[in-house]
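Notes to accompany the following structure.
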Amino acid sequence: MPYNDKYVIVHAYTEISGRMSYLVARARSRKSKVSHALFMPLSVLEMEVDHSHNRDLQRIKETRISFPLNNIAFHPVKNVIALFTSEVIYRSVRTKEADPKLFGFLHDSIRWLDISEEGVANFHLVFLIHLVRYFGVFPNVDNYHPGYFFDLLNGVFASLPPEHKHYLDETESVIFSRLLRMNYENMAVYSFSRQERTNIIRRVLEYYRLHLSDFPEIKSLSVMQHLFD
């Protein structure tokens, strides 16, 4: 993100310190060990940093690629999905404490997106629904039956629609129940119509807004949906 004429801010989720923000010079000298080209959406980097508890913006001494993203950068669909996914991470993952399980999930998810050849159009759906596990608000899937309604506010299936407006109707709940069975290994098996995909992702993001404070509209969603259209 732009900071001023001389610097930009790089936001990263780190294995050791959780979410951190780094100040990076716009102009790169010949001796610089920090390349702007490395800071692409979902890049996985190894960094030598200078952390100080007295400042919000930290410094990067040196950075290098942890593993190359051979397909994401050059695959138009994966590139847009990476943009969407990185925006979701930026808006939802805010803790400045280390969470090895969350870091592992993000790390593995990026690898899956890069190497997957089938089911790529379902990647962001799988990512969204499994990311909420690490916020402690994963839906209760034990009580689903055909004809039930999913209560977005309380995260449970119910035989009758709740009194509030935040719930999925019977048709949406069937699609949502399918989504809850998906993972990166089987995502190629599931198919959705354009309308189903458009609707269910908006409802999942509604679930995010109901359970995560200050979770905004995701701007890159319209770009991604335009691509799939």
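Following the order of the structure tokens, first chain is A, next is B, and so on, with residues numbered from 1 inside each chain and ligands from 1 in the order they appear.
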
Would you kindly return, as an mmCIF file with N, CA and C atoms, in the first residue's frame, each protein, DNA or RNA residue with an atom no farther than 10 Å from any atom of Pro2 of chain A, considering only C-alpha atoms and excluding same-chain residues fewer than 3 positions away?
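Here's the written file around14.cif:
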data_model
loop_
_atom_site.group_PDB
_atom_site.id
_atom_site.type_symbol
_atom_site.label_atom_id
_atom_site.label_comp_id
_atom_site.auth_asym_id
_atom_site.auth_seq_id
_atom_site.Cartn_x
_atom_site.Cartn_y
_atom_site.Cartn_z
ATOM 1 N N ASP A 5 5.831 9.478 -0.836
ATOM 2 C CA ASP A 5 6.594 9.472 -2.084
ATOM 3 C C ASP A 5 7.802 8.542 -2.032
ATOM 4 N N LYS A 6 8.275 8.230 -0.829
ATOM 5 C CA LYS A 6 9.501 7.452 -0.707
ATOM 6 C C LYS A 6 9.275 5.996 -0.290
ATOM 7 N N TYR A 7 8.124 5.720 0.340
ATOM 8 C CA TYR A 7 7.937 4.390 0.901
ATOM 9 C C TYR A 7 6.560 3.809 0.572
ATOM 10 N N VAL A 8 6.493 2.480 0.618
ATOM 11 C CA VAL A 8 5.225 1.750 0.589
ATOM 12 C C VAL A 8 5.165 0.874 1.840
ATOM 13 N N ILE A 9 3.968 0.448 2.182
ATOM 14 C CA ILE A 9 3.794 -0.456 3.314
ATOM 15 C C ILE A 9 3.429 -1.839 2.795
ATOM 16 N N VAL A 10 4.151 -2.835 3.278
ATOM 17 C CA VAL A 10 3.874 -4.221 2.938
ATOM 18 C C VAL A 10 3.260 -4.896 4.161
ATOM 19 N N LEU A 23 7.843 -1.220 6.339
ATOM 20 C CA LEU A 23 8.101 -0.044 5.518
ATOM 21 C C LEU A 23 9.190 -0.399 4.520
ATOM 22 N N VAL A 24 8.885 -0.220 3.231
ATOM 23 C CA VAL A 24 9.826 -0.581 2.168
ATOM 24 C C VAL A 24 10.026 0.615 1.262
ATOM 25 N N ARG A 26 10.554 2.859 -1.925
ATOM 26 C CA ARG A 26 10.117 2.745 -3.315
ATOM 27 C C ARG A 26 11.307 2.569 -4.250
#

Check your understanding: DSSP on the backbone: what in segment 117-178 of chain A comes out strand (DSSP E), as a ChimeraX atom specification?
Key -> /A:149-151,156-158,167-168

Using only N, CA, C and O atoms, please write the residues we just selected to a file, as an mmCIF file, in the first residue's frame.
data_model
loop_
_atom_site.group_PDB
_atom_site.id
_atom_site.type_symbol
_atom_site.label_atom_id
_atom_site.label_comp_id
_atom_site.auth_asym_id
_atom_site.auth_seq_id
_atom_site.Cartn_x
_atom_site.Cartn_y
_atom_site.Cartn_z
ATOM 1 N N PHE A 149 -32.722 -25.282 7.234
ATOM 2 C CA PHE A 149 -32.265 -23.927 6.929
ATOM 3 C C PHE A 149 -30.968 -23.669 7.706
ATOM 4 O O PHE A 149 -30.864 -24.065 8.874
ATOM 5 N N PHE A 150 -30.023 -22.981 7.052
ATOM 6 C CA PHE A 150 -28.803 -22.661 7.789
ATOM 7 C C PHE A 150 -28.912 -21.265 8.371
ATOM 8 O O PHE A 150 -29.121 -20.285 7.663
ATOM 9 N N ASP A 151 -28.760 -21.190 9.676
ATOM 10 C CA ASP A 151 -28.822 -19.940 10.429
ATOM 11 C C ASP A 151 -27.434 -19.311 10.424
ATOM 12 O O ASP A 151 -26.522 -19.773 11.122
ATOM 13 N N VAL A 156 -25.727 -22.666 12.723
ATOM 14 C CA VAL A 156 -26.306 -24.007 12.847
ATOM 15 C C VAL A 156 -27.414 -24.190 11.815
ATOM 16 O O VAL A 156 -27.987 -23.224 11.314
ATOM 17 N N PHE A 157 -27.695 -25.469 11.512
ATOM 18 C CA PHE A 157 -28.845 -25.807 10.686
ATOM 19 C C PHE A 157 -30.064 -25.990 11.588
ATOM 20 O O PHE A 157 -29.961 -26.497 12.705
ATOM 21 N N ALA A 158 -31.219 -25.588 11.075
ATOM 22 C CA ALA A 158 -32.448 -25.685 11.859
ATOM 23 C C ALA A 158 -33.590 -26.149 10.961
ATOM 24 O O ALA A 158 -33.601 -25.893 9.754
ATOM 25 N N TYR A 167 -30.309 -15.919 7.239
ATOM 26 C CA TYR A 167 -30.319 -17.372 7.097
ATOM 27 C C TYR A 167 -30.402 -17.747 5.621
ATOM 28 O O TYR A 167 -30.771 -16.932 4.768
ATOM 29 N N LEU A 168 -30.040 -18.997 5.330
ATOM 30 C CA LEU A 168 -30.120 -19.525 3.976
ATOM 31 C C LEU A 168 -31.418 -20.301 3.808
ATOM 32 O O LEU A 168 -31.813 -21.050 4.715
#

Point to revise | Counting only C-alpha atoms, the residue of A:Leu212, A:Leu57, A:Leu69, A:Val120 that sits nearest Leu38 of chain A | key: A:Leu69

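Remark: for Gly104 of chain A, the closest of the candidate residues A:Thr14, A:Ser173, A:Ser159, A:Asn154 is A:Thr14 (distances computed over only C-alpha atoms).
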
**Study point:** Per-residue DSSP, segment 11-212 of chain A, filtered to helix (DSSP H, G or I), as a PyMOL selection string
**Key:** chain A and resi 36-38+76-92+100-115+120-135+170-180+187-189+194-211

Writer output for current selection, C-alpha atoms, as an mmCIF file, in the first residue's frame:
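Result file is out.cif:
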data_model
loop_
_atom_site.group_PDB
_atom_site.id
_atom_site.type_symbol
_atom_site.label_atom_id
_atom_site.label_comp_id
_atom_site.auth_asym_id
_atom_site.auth_seq_id
_atom_site.Cartn_x
_atom_site.Cartn_y
_atom_site.Cartn_z
ATOM 1 C CA HIS A 36 9.637 -5.045 -4.867
ATOM 2 C CA ALA A 37 9.004 -7.773 -7.437
ATOM 3 C CA LEU A 38 8.742 -10.318 -4.620
ATOM 4 C CA PRO A 76 -5.227 -15.440 -15.306
ATOM 5 C CA VAL A 77 -7.811 -17.246 -13.156
ATOM 6 C CA LYS A 78 -5.363 -18.147 -10.397
ATOM 7 C CA ASN A 79 -3.980 -14.612 -10.441
ATOM 8 C CA VAL A 80 -7.394 -13.093 -9.745
ATOM 9 C CA ILE A 81 -8.157 -15.742 -7.104
ATOM 10 C CA ALA A 82 -4.843 -14.854 -5.435
ATOM 11 C CA LEU A 83 -5.853 -11.188 -5.397
ATOM 12 C CA PHE A 84 -9.204 -12.076 -3.809
ATOM 13 C CA THR A 85 -7.649 -14.471 -1.292
ATOM 14 C CA SER A 86 -4.982 -11.990 -0.219
ATOM 15 C CA GLU A 87 -7.644 -9.308 0.318
ATOM 16 C CA VAL A 88 -9.680 -11.693 2.493
ATOM 17 C CA ILE A 89 -6.576 -12.479 4.556
ATOM 18 C CA TYR A 90 -5.770 -8.791 4.896
ATOM 19 C CA ARG A 91 -9.293 -7.972 6.076
ATOM 20 C CA SER A 92 -9.776 -10.916 8.428
ATOM 21 C CA PRO A 100 1.341 -21.991 13.777
ATOM 22 C CA LYS A 101 -1.837 -23.793 12.678
ATOM 23 C CA LEU A 102 -3.177 -20.741 10.835
ATOM 24 C CA PHE A 103 0.199 -20.098 9.258
ATOM 25 C CA GLY A 104 0.358 -23.735 8.129
ATOM 26 C CA PHE A 105 -3.133 -23.511 6.629
ATOM 27 C CA LEU A 106 -2.271 -20.359 4.669
ATOM 28 C CA HIS A 107 1.059 -21.806 3.555
ATOM 29 C CA ASP A 108 -0.509 -25.076 2.365
ATOM 30 C CA SER A 109 -3.442 -23.285 0.707
ATOM 31 C CA ILE A 110 -1.095 -21.212 -1.440
ATOM 32 C CA ARG A 111 0.722 -24.360 -2.540
ATOM 33 C CA TRP A 112 -2.600 -25.998 -3.456
ATOM 34 C CA LEU A 113 -3.640 -23.014 -5.557
ATOM 35 C CA ASP A 114 -0.339 -23.036 -7.400
ATOM 36 C CA ILE A 115 -0.230 -26.752 -8.213
ATOM 37 C CA VAL A 120 -9.484 -24.134 -9.425
ATOM 38 C CA ALA A 121 -12.829 -22.311 -9.686
ATOM 39 C CA ASN A 122 -13.755 -23.819 -6.305
ATOM 40 C CA PHE A 123 -10.512 -22.923 -4.535
ATOM 41 C CA HIS A 124 -11.738 -19.661 -3.012
ATOM 42 C CA LEU A 125 -14.904 -21.364 -1.719
ATOM 43 C CA VAL A 126 -12.870 -24.038 0.053
ATOM 44 C CA PHE A 127 -10.454 -21.425 1.370
ATOM 45 C CA LEU A 128 -13.199 -19.210 2.784
ATOM 46 C CA ILE A 129 -15.082 -21.955 4.572
ATOM 47 C CA HIS A 130 -11.983 -23.529 6.126
ATOM 48 C CA LEU A 131 -10.386 -20.227 7.134
ATOM 49 C CA VAL A 132 -13.200 -19.577 9.628
ATOM 50 C CA ARG A 133 -12.000 -22.585 11.661
ATOM 51 C CA TYR A 134 -9.084 -20.465 12.832
ATOM 52 C CA PHE A 135 -11.431 -17.738 14.063
ATOM 53 C CA GLU A 170 -33.665 -24.604 1.735
ATOM 54 C CA THR A 171 -32.023 -24.470 -1.701
ATOM 55 C CA GLU A 172 -29.104 -22.346 -0.477
ATOM 56 C CA SER A 173 -28.670 -24.636 2.523
ATOM 57 C CA VAL A 174 -28.280 -27.672 0.264
ATOM 58 C CA ILE A 175 -25.480 -25.898 -1.626
ATOM 59 C CA PHE A 176 -23.908 -24.764 1.633
ATOM 60 C CA SER A 177 -23.947 -28.311 3.004
ATOM 61 C CA ARG A 178 -22.040 -29.416 -0.108
ATOM 62 C CA LEU A 179 -19.520 -26.666 0.474
ATOM 63 C CA LEU A 180 -18.909 -27.906 4.021
ATOM 64 C CA MET A 187 -12.829 -29.684 -4.865
ATOM 65 C CA ALA A 188 -12.618 -30.801 -8.516
ATOM 66 C CA VAL A 189 -15.487 -33.246 -7.926
ATOM 67 C CA ARG A 194 -22.710 -19.465 -12.227
ATOM 68 C CA GLN A 195 -25.717 -18.303 -10.221
ATOM 69 C CA GLU A 196 -25.084 -20.822 -7.417
ATOM 70 C CA ARG A 197 -21.427 -19.842 -7.177
ATOM 71 C CA THR A 198 -22.198 -16.112 -7.188
ATOM 72 C CA ASN A 199 -24.868 -16.458 -4.532
ATOM 73 C CA ILE A 200 -23.095 -18.818 -2.151
ATOM 74 C CA ILE A 201 -19.878 -16.815 -2.008
ATOM 75 C CA ARG A 202 -21.847 -13.685 -1.133
ATOM 76 C CA ARG A 203 -23.623 -15.565 1.636
ATOM 77 C CA VAL A 204 -20.343 -16.947 2.987
ATOM 78 C CA LEU A 205 -18.953 -13.410 3.070
ATOM 79 C CA GLU A 206 -22.108 -12.379 4.903
ATOM 80 C CA TYR A 207 -21.236 -15.070 7.461
ATOM 81 C CA TYR A 208 -17.812 -13.432 7.806
ATOM 82 C CA ARG A 209 -19.363 -10.014 8.389
ATOM 83 C CA LEU A 210 -21.695 -11.407 11.037
ATOM 84 C CA HIS A 211 -18.923 -13.111 12.997
#

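Neighbouring residues of His53 of chain A at 12 Å or closer, counting only C-alpha atoms and skipping chain neighbours under 5 positions away, are Ser17, Met20, Gln58, Arg59 and Lys96 of chain A.
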
**Study point:** Neighbour list for segment 97-99 of chain A as a ChimeraX atom specification, cut-off 7 Å, only C-alpha atoms, skip fewer than 6 positions in-chain
**Key:** /A:15-18

Please produce a file of those selected residues containing N, CA, C and O atoms, as a compact mmCIF listing (two decimals), in the first residue's frame.
# COMPACT_ATOMS: atom_id res chain seq x y z
N GLU A 15 5.18 -16.25 10.31
CA GLU A 15 5.14 -17.47 11.12
C GLU A 15 5.47 -17.17 12.58
O GLU A 15 4.91 -17.79 13.49
N ILE A 16 6.35 -16.21 12.83
CA ILE A 16 6.85 -15.96 14.18
C ILE A 16 6.05 -14.89 14.92
O ILE A 16 5.82 -15.00 16.13
N SER A 17 5.59 -13.87 14.20
CA SER A 17 5.00 -12.71 14.87
C SER A 17 3.57 -12.40 14.47
O SER A 17 3.04 -11.35 14.82
N GLY A 18 2.91 -13.29 13.72
CA GLY A 18 1.57 -12.99 13.27
C GLY A 18 1.58 -11.91 12.21
O GLY A 18 2.54 -11.76 11.45

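Nearest residue to Val49 of chain A among A:Lys61, A:Arg181, A:His11, A:His166 is A:Lys61, counting only C-alpha atoms.
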
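Coordinates place atom CA of Arg19 of chain A at a distance of 7.2 Å from atom CA of Val93 of chain A.
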
Point to revise | Best match for closeness to Asn70 of chain A among A:Ser116, A:Tyr144, A:Met47, A:Ala25, counting only C-alpha atoms | key: A:Ser116

Study note, to complete from the structure: Expressed in Å, the length from atom CA of Glu118 of chain A to atom CA of Glu217 of chain A is 28.2 Å
